[in-house]
Amino acid sequence: MAIRGGLFISFEGIDGVGKSTQADLMEQYLEGRGFSVLRTLEPGGTELGQEIRHLLLHRKGEVSARSEALLYAADRAHHVASKISPALAAGNVVITDRFLDSSVAYQGAGRELDLTEVRNLSLWAVNNLLPDLTVLLDLEAELAAKRRVQTGQEPDRLEREKIEFFEAARNSYLELAKAEPKRFFVVDANQEPSAIWSQIQRRLDEVLESKEL
Ligand code: TYD
């Protein structure tokens, strides 16, 4: 089933809130309803993006704040141009694990760059494309950090940041959601995955109803 102009959904939140679990559930649900879904992520949703992701997360040595912001924006520009926009034009649903709000929260609030400048940089990179729906999974930074430890995975460069960095990012996300209540749907991520999903599903159904199918 195609949607005129497609449907663009992003998942946001600090590391460890459970974005990919919820994105999986959404993908299954939408496919079950007969939609074609492109499931993707940032950074690293394209081949070029995978190389940028490696530079950002695993390369040894310092990355200055502005350089970091530009690398995320470069990844996003190519992601939109080569994957997201064509999928939307074909009438598909795109679900991305992170989009430009991540840059505002992490590079803006986390790295203390100007929030508006970081947002404008990304808007330029993506030719002003914004999601129809952004699901923000909200969790205290301490709790999210505990969950990350439980995964047993080696932390990447960003995940090694102090708790204050994630607190700043979390607060910034909440501000963004307040500023754009129509686009954002904020869910308390300190619940069972099935309870979180049923809230998201309700909002998704409303968004689908408002779209021309
Ligand atoms: P992600 O793939 O969500 O992490 P993981 O694979 O560990 O689940 O994102 C990698 C990191 O990049 C994450 O710490 C958030 C950060 N990030 C930014 O700082 N700015 C951005 O614009 C994006 C998209 C991600």
# chains A, B, ... in the order shown; residues from 1 in each chain; ligands from 1
>>> residues_around(residues="region 53-56 of chain A", least_positions_apart="5", cutoff="8 Å", atoms="only C-alpha atoms", output="number ranges by chain")
A: 43-44, 63, 68, 71, 75, 157
>>> residues_near_ligand(ligand="ligand 1", cutoff="7 Å", atoms="only C-alpha atoms and all ligand atoms", output="list in words")
Asp15, Leu41, Glu42, Pro43, Leu57, Tyr72, Ala73, Asp97, Arg98, Phe99, Leu100, Asp101, Ser102, Ser103, Tyr106, Gln107, Asp156, Leu158 and Glu159 of chain A
>>> write_last_selection(atoms="all heavy atoms", output="compact mmCIF listing (two decimals), in the first residue's frame")
# COMPACT_ATOMS: atom_id res chain seq x y z
N ASP A 15 21.25 7.50 24.27
CA ASP A 15 21.69 6.11 24.14
C ASP A 15 21.15 5.26 25.29
O ASP A 15 21.28 5.65 26.45
CB ASP A 15 23.22 6.04 24.15
CG ASP A 15 23.83 6.66 22.92
OD1 ASP A 15 23.95 7.92 22.88
OD2 ASP A 15 24.18 5.92 22.00
N LEU A 41 19.01 4.08 9.65
CA LEU A 41 19.57 4.66 10.88
C LEU A 41 20.60 5.74 10.56
O LEU A 41 21.10 5.81 9.45
CB LEU A 41 20.22 3.56 11.73
CG LEU A 41 21.64 3.10 11.37
CD1 LEU A 41 22.21 2.23 12.46
CD2 LEU A 41 21.71 2.36 10.06
N GLU A 42 20.89 6.55 11.56
CA GLU A 42 21.98 7.53 11.47
C GLU A 42 22.81 7.47 12.73
O GLU A 42 22.23 7.31 13.81
CB GLU A 42 21.41 8.95 11.32
CG GLU A 42 20.74 9.19 10.00
CD GLU A 42 20.38 10.66 9.77
OE1 GLU A 42 20.64 11.49 10.67
OE2 GLU A 42 19.86 10.94 8.70
N PRO A 43 24.12 7.63 12.67
CA PRO A 43 24.89 7.72 11.43
C PRO A 43 25.09 6.34 10.81
O PRO A 43 25.09 5.34 11.54
CB PRO A 43 26.23 8.30 11.91
CG PRO A 43 26.37 7.79 13.31
CD PRO A 43 24.97 7.74 13.87
N LEU A 57 32.73 7.37 15.47
CA LEU A 57 32.57 6.58 16.69
C LEU A 57 33.78 5.73 17.07
O LEU A 57 33.95 5.39 18.23
CB LEU A 57 31.35 5.67 16.57
CG LEU A 57 30.02 6.38 16.31
CD1 LEU A 57 28.88 5.39 16.23
CD2 LEU A 57 29.74 7.42 17.40
N TYR A 72 28.22 14.60 11.10
CA TYR A 72 26.85 14.07 11.23
C TYR A 72 25.95 14.66 10.14
O TYR A 72 25.10 13.98 9.57
CB TYR A 72 26.27 14.37 12.62
CG TYR A 72 26.72 13.39 13.69
CD1 TYR A 72 27.56 13.78 14.71
CD2 TYR A 72 26.29 12.07 13.66
CE1 TYR A 72 27.98 12.88 15.69
CE2 TYR A 72 26.69 11.16 14.64
CZ TYR A 72 27.54 11.58 15.64
OH TYR A 72 27.94 10.68 16.61
N ALA A 73 26.16 15.96 9.86
CA ALA A 73 25.33 16.60 8.83
C ALA A 73 25.65 16.02 7.45
O ALA A 73 24.74 15.84 6.63
CB ALA A 73 25.55 18.11 8.85
N ASP A 97 16.22 5.36 12.80
CA ASP A 97 16.72 5.40 14.16
C ASP A 97 17.65 6.61 14.22
O ASP A 97 18.77 6.52 13.72
CB ASP A 97 17.49 4.08 14.41
CG ASP A 97 17.73 3.80 15.87
OD1 ASP A 97 17.80 4.76 16.64
OD2 ASP A 97 17.85 2.61 16.22
N ARG A 98 17.14 7.74 14.68
CA ARG A 98 17.80 9.05 14.76
C ARG A 98 17.71 9.85 13.47
O ARG A 98 17.82 9.31 12.38
CB ARG A 98 19.29 8.95 15.15
CG ARG A 98 19.53 8.30 16.51
CD ARG A 98 21.01 8.47 16.90
NE ARG A 98 21.28 7.88 18.21
CZ ARG A 98 20.96 8.46 19.36
NH1 ARG A 98 20.39 9.63 19.35
NH2 ARG A 98 21.23 7.86 20.51
N PHE A 99 17.54 11.17 13.66
CA PHE A 99 17.58 12.13 12.54
C PHE A 99 18.08 13.45 13.10
O PHE A 99 18.84 13.44 14.09
CB PHE A 99 16.18 12.22 11.88
CG PHE A 99 16.18 12.86 10.53
CD1 PHE A 99 16.90 12.31 9.48
CD2 PHE A 99 15.44 14.02 10.29
CE1 PHE A 99 16.90 12.91 8.22
CE2 PHE A 99 15.44 14.63 9.03
CZ PHE A 99 16.16 14.07 8.01
N LEU A 100 17.68 14.58 12.54
CA LEU A 100 18.38 15.83 12.89
C LEU A 100 18.23 16.27 14.34
O LEU A 100 19.11 16.97 14.86
CB LEU A 100 18.01 16.96 11.91
CG LEU A 100 16.91 17.96 12.20
CD1 LEU A 100 16.86 18.97 11.08
CD2 LEU A 100 15.58 17.30 12.37
N ASP A 101 17.18 15.84 15.03
CA ASP A 101 17.07 16.22 16.45
C ASP A 101 18.23 15.66 17.27
O ASP A 101 18.61 16.25 18.28
CB ASP A 101 15.73 15.74 17.02
CG ASP A 101 14.56 16.27 16.20
OD1 ASP A 101 14.39 17.50 16.16
OD2 ASP A 101 13.85 15.46 15.59
N SER A 102 18.80 14.52 16.83
CA SER A 102 19.98 13.98 17.53
C SER A 102 21.13 14.99 17.49
O SER A 102 21.87 15.13 18.47
CB SER A 102 20.48 12.69 16.85
OG SER A 102 19.68 11.59 17.18
N SER A 103 21.29 15.65 16.36
CA SER A 103 22.38 16.63 16.25
C SER A 103 22.15 17.83 17.16
O SER A 103 23.08 18.33 17.79
CB SER A 103 22.53 17.11 14.80
OG SER A 103 23.21 16.14 14.05
N TYR A 106 22.73 16.37 20.83
CA TYR A 106 24.09 15.92 21.16
C TYR A 106 25.16 16.97 20.83
O TYR A 106 26.01 17.27 21.67
CB TYR A 106 24.44 14.62 20.43
CG TYR A 106 23.86 13.36 21.05
CD1 TYR A 106 22.51 13.06 20.95
CD2 TYR A 106 24.68 12.44 21.70
CE1 TYR A 106 21.98 11.89 21.48
CE2 TYR A 106 24.17 11.26 22.24
CZ TYR A 106 22.82 10.99 22.13
OH TYR A 106 22.31 9.83 22.66
N GLN A 107 25.14 17.49 19.58
CA GLN A 107 26.17 18.46 19.21
C GLN A 107 25.80 19.85 19.76
O GLN A 107 26.67 20.58 20.20
CB GLN A 107 26.35 18.53 17.69
CG GLN A 107 27.20 17.41 17.11
CD GLN A 107 26.58 16.04 17.28
OE1 GLN A 107 25.46 15.81 16.86
NE2 GLN A 107 27.29 15.13 17.94
N ASP A 156 31.10 3.18 22.57
CA ASP A 156 31.80 3.91 21.51
C ASP A 156 32.21 5.30 22.03
O ASP A 156 32.00 5.62 23.20
CB ASP A 156 30.96 3.96 20.23
CG ASP A 156 29.63 4.67 20.42
OD1 ASP A 156 29.60 5.71 21.12
OD2 ASP A 156 28.61 4.19 19.88
N LEU A 158 31.10 8.32 21.68
CA LEU A 158 30.05 9.17 22.27
C LEU A 158 29.57 8.59 23.60
O LEU A 158 29.32 9.30 24.56
CB LEU A 158 28.87 9.29 21.30
CG LEU A 158 28.86 10.39 20.24
CD1 LEU A 158 28.52 11.73 20.91
CD2 LEU A 158 30.11 10.53 19.44
N GLU A 159 29.44 7.27 23.65
CA GLU A 159 28.90 6.64 24.86
C GLU A 159 29.84 6.75 26.06
O GLU A 159 29.43 6.52 27.19
CB GLU A 159 28.57 5.17 24.58
CG GLU A 159 27.33 5.00 23.72
CD GLU A 159 27.17 3.60 23.15
OE1 GLU A 159 28.17 2.83 23.12
OE2 GLU A 159 26.06 3.28 22.73
>>> atom_distance(atom1="CA of Gly91 (chain A)", atom2="CA of Val135 (chain A)")
20.6 Å
>>> closest_atom_pairs(of="region 125-179 of chain A", to="region 16-24 of chain A", cutoff="6 Å", atoms="only C-alpha atoms", output="tab-separated table")
residue	atom	partner	partner_atom	distance
A:Ala144	CA	A:Gly16	CA	4.7
A:Arg147	CA	A:Gly16	CA	5.7
A:Arg148	CA	A:Gly16	CA	5.2
>>> write_last_selection(atoms="N, CA, C and O atoms", output="CSV table (one decimal), in the first residue's frame")
chain,number,residue,atom,x,y,z
A,144,ALA,N,19.4,5.3,31.7
A,144,ALA,CA,19.8,4.9,30.4
A,144,ALA,C,21.2,4.4,30.4
A,144,ALA,O,21.6,3.4,29.8
A,147,ARG,N,21.2,0.8,31.7
A,147,ARG,CA,20.8,-0.1,30.6
A,147,ARG,C,21.9,-0.4,29.6
A,147,ARG,O,22.1,-1.5,29.1
A,148,ARG,N,22.7,0.7,29.3
A,148,ARG,CA,23.8,0.5,28.4
A,148,ARG,C,24.9,-0.5,28.9
A,148,ARG,O,25.4,-1.3,28.2
>>> select_by_dssp(residues="region 70-178 of chain A", states="strand (DSSP E)", output="PyMOL selection string")
chain A and resi 93-97+133-138
>>> write_last_selection(atoms="all heavy atoms", output="mmCIF file, in the first residue's frame")
data_model
loop_
_atom_site.group_PDB
_atom_site.id
_atom_site.type_symbol
_atom_site.label_atom_id
_atom_site.label_comp_id
_atom_site.auth_asym_id
_atom_site.auth_seq_id
_atom_site.Cartn_x
_atom_site.Cartn_y
_atom_site.Cartn_z
ATOM 1 N N VAL A 93 6.970 3.976 3.635
ATOM 2 C CA VAL A 93 7.195 4.486 4.986
ATOM 3 C C VAL A 93 8.691 4.394 5.267
ATOM 4 O O VAL A 93 9.315 3.369 4.967
ATOM 5 C CB VAL A 93 6.440 3.653 6.045
ATOM 6 C CG1 VAL A 93 6.686 4.222 7.448
ATOM 7 C CG2 VAL A 93 4.942 3.606 5.751
ATOM 8 N N VAL A 94 9.266 5.449 5.817
ATOM 9 C CA VAL A 94 10.675 5.416 6.235
ATOM 10 C C VAL A 94 10.712 5.527 7.755
ATOM 11 O O VAL A 94 10.126 6.455 8.329
ATOM 12 C CB VAL A 94 11.486 6.571 5.603
ATOM 13 C CG1 VAL A 94 12.910 6.585 6.141
ATOM 14 C CG2 VAL A 94 11.490 6.453 4.082
ATOM 15 N N ILE A 95 11.376 4.557 8.381
ATOM 16 C CA ILE A 95 11.588 4.618 9.845
ATOM 17 C C ILE A 95 13.078 4.758 10.068
ATOM 18 O O ILE A 95 13.854 3.864 9.714
ATOM 19 C CB ILE A 95 11.112 3.324 10.548
ATOM 20 C CG1 ILE A 95 9.628 3.065 10.283
ATOM 21 C CG2 ILE A 95 11.386 3.408 12.052
ATOM 22 C CD1 ILE A 95 9.139 1.729 10.873
ATOM 23 N N THR A 96 13.489 5.871 10.634
ATOM 24 C CA THR A 96 14.919 6.038 10.908
ATOM 25 C C THR A 96 15.202 6.104 12.410
ATOM 26 O O THR A 96 14.482 6.773 13.158
ATOM 27 C CB THR A 96 15.517 7.269 10.181
ATOM 28 O OG1 THR A 96 16.921 7.334 10.453
ATOM 29 C CG2 THR A 96 14.887 8.585 10.617
ATOM 30 N N ASP A 97 16.221 5.360 12.796
ATOM 31 C CA ASP A 97 16.720 5.396 14.163
ATOM 32 C C ASP A 97 17.653 6.607 14.217
ATOM 33 O O ASP A 97 18.769 6.524 13.715
ATOM 34 C CB ASP A 97 17.491 4.078 14.409
ATOM 35 C CG ASP A 97 17.728 3.804 15.868
ATOM 36 O OD1 ASP A 97 17.804 4.765 16.645
ATOM 37 O OD2 ASP A 97 17.853 2.614 16.216
ATOM 38 N N LEU A 133 6.422 12.323 11.915
ATOM 39 C CA LEU A 133 6.273 11.921 13.318
ATOM 40 C C LEU A 133 7.651 11.624 13.901
ATOM 41 O O LEU A 133 8.446 10.906 13.287
ATOM 42 C CB LEU A 133 5.401 10.657 13.407
ATOM 43 C CG LEU A 133 5.323 9.943 14.766
ATOM 44 C CD1 LEU A 133 4.622 10.818 15.805
ATOM 45 C CD2 LEU A 133 4.584 8.603 14.627
ATOM 46 N N THR A 134 7.922 12.180 15.079
ATOM 47 C CA THR A 134 9.169 11.876 15.785
ATOM 48 C C THR A 134 8.805 11.309 17.156
ATOM 49 O O THR A 134 8.146 11.980 17.955
ATOM 50 C CB THR A 134 10.037 13.143 15.942
ATOM 51 O OG1 THR A 134 10.430 13.581 14.636
ATOM 52 C CG2 THR A 134 11.288 12.869 16.783
ATOM 53 N N VAL A 135 9.197 10.058 17.374
ATOM 54 C CA VAL A 135 8.921 9.413 18.656
ATOM 55 C C VAL A 135 10.129 9.639 19.556
ATOM 56 O O VAL A 135 11.239 9.199 19.238
ATOM 57 C CB VAL A 135 8.675 7.894 18.476
ATOM 58 C CG1 VAL A 135 8.437 7.242 19.826
ATOM 59 C CG2 VAL A 135 7.505 7.644 17.533
ATOM 60 N N LEU A 136 9.904 10.350 20.656
ATOM 61 C CA LEU A 136 10.992 10.601 21.610
ATOM 62 C C LEU A 136 10.814 9.684 22.813
ATOM 63 O O LEU A 136 9.833 9.772 23.544
ATOM 64 C CB LEU A 136 10.972 12.067 22.054
ATOM 65 C CG LEU A 136 11.919 12.436 23.208
ATOM 66 C CD1 LEU A 136 13.372 12.110 22.875
ATOM 67 C CD2 LEU A 136 11.776 13.917 23.555
ATOM 68 N N LEU A 137 11.764 8.778 22.977
ATOM 69 C CA LEU A 137 11.743 7.885 24.144
ATOM 70 C C LEU A 137 12.523 8.581 25.247
ATOM 71 O O LEU A 137 13.731 8.815 25.127
ATOM 72 C CB LEU A 137 12.357 6.535 23.787
ATOM 73 C CG LEU A 137 11.563 5.772 22.724
ATOM 74 C CD1 LEU A 137 12.334 4.561 22.233
ATOM 75 C CD2 LEU A 137 10.217 5.333 23.279
ATOM 76 N N ASP A 138 11.819 8.926 26.298
ATOM 77 C CA ASP A 138 12.421 9.757 27.343
ATOM 78 C C ASP A 138 12.760 8.918 28.573
ATOM 79 O O ASP A 138 11.913 8.174 29.082
ATOM 80 C CB ASP A 138 11.434 10.865 27.724
ATOM 81 C CG ASP A 138 11.991 11.731 28.837
ATOM 82 O OD1 ASP A 138 13.118 12.237 28.666
ATOM 83 O OD2 ASP A 138 11.318 11.877 29.875
#
>>> atom_distance(atom1="CA of Leu7 (chain A)", atom2="CA of Leu70 (chain A)")
26.5 Å
>>> closest_residue(among="A:Ala89, A:Ala77, A:Ile84, A:Val187", to="Ile200 (chain A)", atoms="only C-alpha atoms")
A:Val187
>>> residues_around(residues="Asn92 (chain A)", least_positions_apart="4", cutoff="10 Å", atoms="only C-alpha atoms", output="ChimeraX atom specification")
/A:1-8,35-38,84-88
>>> closest_residue(among="A:Val80, A:Lys182, A:Gln201, A:Leu115", to="Gly49 (chain A)", atoms="only C-alpha atoms")
A:Val80
>>> select_by_dssp(residues="region 79-212 of chain A", states="helix (DSSP H, G or I)", output="ChimeraX atom specification")
/A:79-89,100-110,115-125,141-151,163-179,193-210
>>> closest_residue(among="A:Ala74, A:Val186, A:Ala168, A:Ala179", to="Ala109 (chain A)", atoms="only C-alpha atoms")
A:Ala168
>>> residues_around(residues="Asn190 (chain A)", least_positions_apart="2", cutoff="8 Å", atoms="only C-alpha atoms", output="list in words")
Asp138, Leu139, Asp188 and Glu192 of chain A
>>> residues_around(residues="Glu112 (chain A)", least_positions_apart="4", cutoff="12 Å", atoms="only C-alpha atoms", output="list in words")
Ser64, Ala65, Arg66, Ala69, Ser103, Val104, Ala105, Tyr106, Gln107, Gly108, Thr116, Glu117, Val118, Glu164, Phe165, Ala168, Ala169 and Ser172 of chain A
>>> write_last_selection(atoms="N, CA, C and O atoms", output="PDB file, in the first residue's frame")
ATOM      1  N   SER A  64      36.918  17.659  16.915  1.00  0.00           N
ATOM      2  CA  SER A  64      36.435  18.934  17.470  1.00  0.00           C
ATOM      3  C   SER A  64      34.919  19.033  17.277  1.00  0.00           C
ATOM      4  O   SER A  64      34.339  18.378  16.399  1.00  0.00           O
ATOM      5  N   ALA A  65      34.278  19.864  18.117  1.00  0.00           N
ATOM      6  CA  ALA A  65      32.809  19.913  18.146  1.00  0.00           C
ATOM      7  C   ALA A  65      32.208  20.279  16.792  1.00  0.00           C
ATOM      8  O   ALA A  65      31.254  19.648  16.326  1.00  0.00           O
ATOM      9  N   ARG A  66      32.778  21.291  16.122  1.00  0.00           N
ATOM     10  CA  ARG A  66      32.209  21.714  14.838  1.00  0.00           C
ATOM     11  C   ARG A  66      32.447  20.669  13.764  1.00  0.00           C
ATOM     12  O   ARG A  66      31.611  20.453  12.880  1.00  0.00           O
ATOM     13  N   ALA A  69      29.872  18.013  14.259  1.00  0.00           N
ATOM     14  CA  ALA A  69      28.561  18.448  13.757  1.00  0.00           C
ATOM     15  C   ALA A  69      28.505  18.345  12.228  1.00  0.00           C
ATOM     16  O   ALA A  69      27.499  17.915  11.655  1.00  0.00           O
ATOM     17  N   SER A 103      21.287  15.655  16.360  1.00  0.00           N
ATOM     18  CA  SER A 103      22.383  16.627  16.250  1.00  0.00           C
ATOM     19  C   SER A 103      22.146  17.825  17.165  1.00  0.00           C
ATOM     20  O   SER A 103      23.075  18.331  17.788  1.00  0.00           O
ATOM     21  N   VAL A 104      20.890  18.278  17.239  1.00  0.00           N
ATOM     22  CA  VAL A 104      20.602  19.424  18.116  1.00  0.00           C
ATOM     23  C   VAL A 104      20.877  19.030  19.572  1.00  0.00           C
ATOM     24  O   VAL A 104      21.514  19.764  20.326  1.00  0.00           O
ATOM     25  N   ALA A 105      20.408  17.833  19.962  1.00  0.00           N
ATOM     26  CA  ALA A 105      20.566  17.398  21.355  1.00  0.00           C
ATOM     27  C   ALA A 105      22.024  17.085  21.704  1.00  0.00           C
ATOM     28  O   ALA A 105      22.517  17.498  22.759  1.00  0.00           O
ATOM     29  N   TYR A 106      22.732  16.366  20.832  1.00  0.00           N
ATOM     30  CA  TYR A 106      24.094  15.920  21.164  1.00  0.00           C
ATOM     31  C   TYR A 106      25.164  16.971  20.834  1.00  0.00           C
ATOM     32  O   TYR A 106      26.008  17.268  21.668  1.00  0.00           O
ATOM     33  N   GLN A 107      25.136  17.485  19.578  1.00  0.00           N
ATOM     34  CA  GLN A 107      26.172  18.462  19.214  1.00  0.00           C
ATOM     35  C   GLN A 107      25.804  19.855  19.760  1.00  0.00           C
ATOM     36  O   GLN A 107      26.675  20.584  20.203  1.00  0.00           O
ATOM     37  N   GLY A 108      24.507  20.184  19.735  1.00  0.00           N
ATOM     38  CA  GLY A 108      24.085  21.473  20.257  1.00  0.00           C
ATOM     39  C   GLY A 108      24.203  21.508  21.767  1.00  0.00           C
ATOM     40  O   GLY A 108      25.122  22.116  22.321  1.00  0.00           O
ATOM     41  N   THR A 116      20.429  26.613  17.438  1.00  0.00           N
ATOM     42  CA  THR A 116      19.804  27.037  16.177  1.00  0.00           C
ATOM     43  C   THR A 116      20.759  26.844  15.011  1.00  0.00           C
ATOM     44  O   THR A 116      20.356  26.421  13.923  1.00  0.00           O
ATOM     45  N   GLU A 117      22.035  27.139  15.240  1.00  0.00           N
ATOM     46  CA  GLU A 117      23.005  26.948  14.147  1.00  0.00           C
ATOM     47  C   GLU A 117      23.116  25.480  13.769  1.00  0.00           C
ATOM     48  O   GLU A 117      23.182  25.138  12.592  1.00  0.00           O
ATOM     49  N   VAL A 118      23.136  24.610  14.785  1.00  0.00           N
ATOM     50  CA  VAL A 118      23.244  23.167  14.494  1.00  0.00           C
ATOM     51  C   VAL A 118      22.005  22.698  13.736  1.00  0.00           C
ATOM     52  O   VAL A 118      22.091  21.953  12.756  1.00  0.00           O
ATOM     53  N   GLU A 164      26.563  14.124  32.582  1.00  0.00           N
ATOM     54  CA  GLU A 164      26.064  15.491  32.336  1.00  0.00           C
ATOM     55  C   GLU A 164      25.785  15.724  30.846  1.00  0.00           C
ATOM     56  O   GLU A 164      24.873  16.460  30.483  1.00  0.00           O
ATOM     57  N   PHE A 165      26.605  15.112  30.019  1.00  0.00           N
ATOM     58  CA  PHE A 165      26.422  15.234  28.572  1.00  0.00           C
ATOM     59  C   PHE A 165      25.051  14.682  28.177  1.00  0.00           C
ATOM     60  O   PHE A 165      24.285  15.308  27.430  1.00  0.00           O
ATOM     61  N   ALA A 168      22.170  16.830  29.491  1.00  0.00           N
ATOM     62  CA  ALA A 168      21.960  18.011  28.631  1.00  0.00           C
ATOM     63  C   ALA A 168      21.217  17.602  27.359  1.00  0.00           C
ATOM     64  O   ALA A 168      20.295  18.301  26.913  1.00  0.00           O
ATOM     65  N   ALA A 169      21.606  16.466  26.796  1.00  0.00           N
ATOM     66  CA  ALA A 169      20.941  15.999  25.559  1.00  0.00           C
ATOM     67  C   ALA A 169      19.479  15.677  25.833  1.00  0.00           C
ATOM     68  O   ALA A 169      18.588  16.054  25.074  1.00  0.00           O
ATOM     69  N   SER A 172      17.464  18.821  26.215  1.00  0.00           N
ATOM     70  CA  SER A 172      17.323  19.477  24.923  1.00  0.00           C
ATOM     71  C   SER A 172      16.228  18.798  24.090  1.00  0.00           C
ATOM     72  O   SER A 172      15.396  19.467  23.461  1.00  0.00           O
TER      73      SER A 172
END
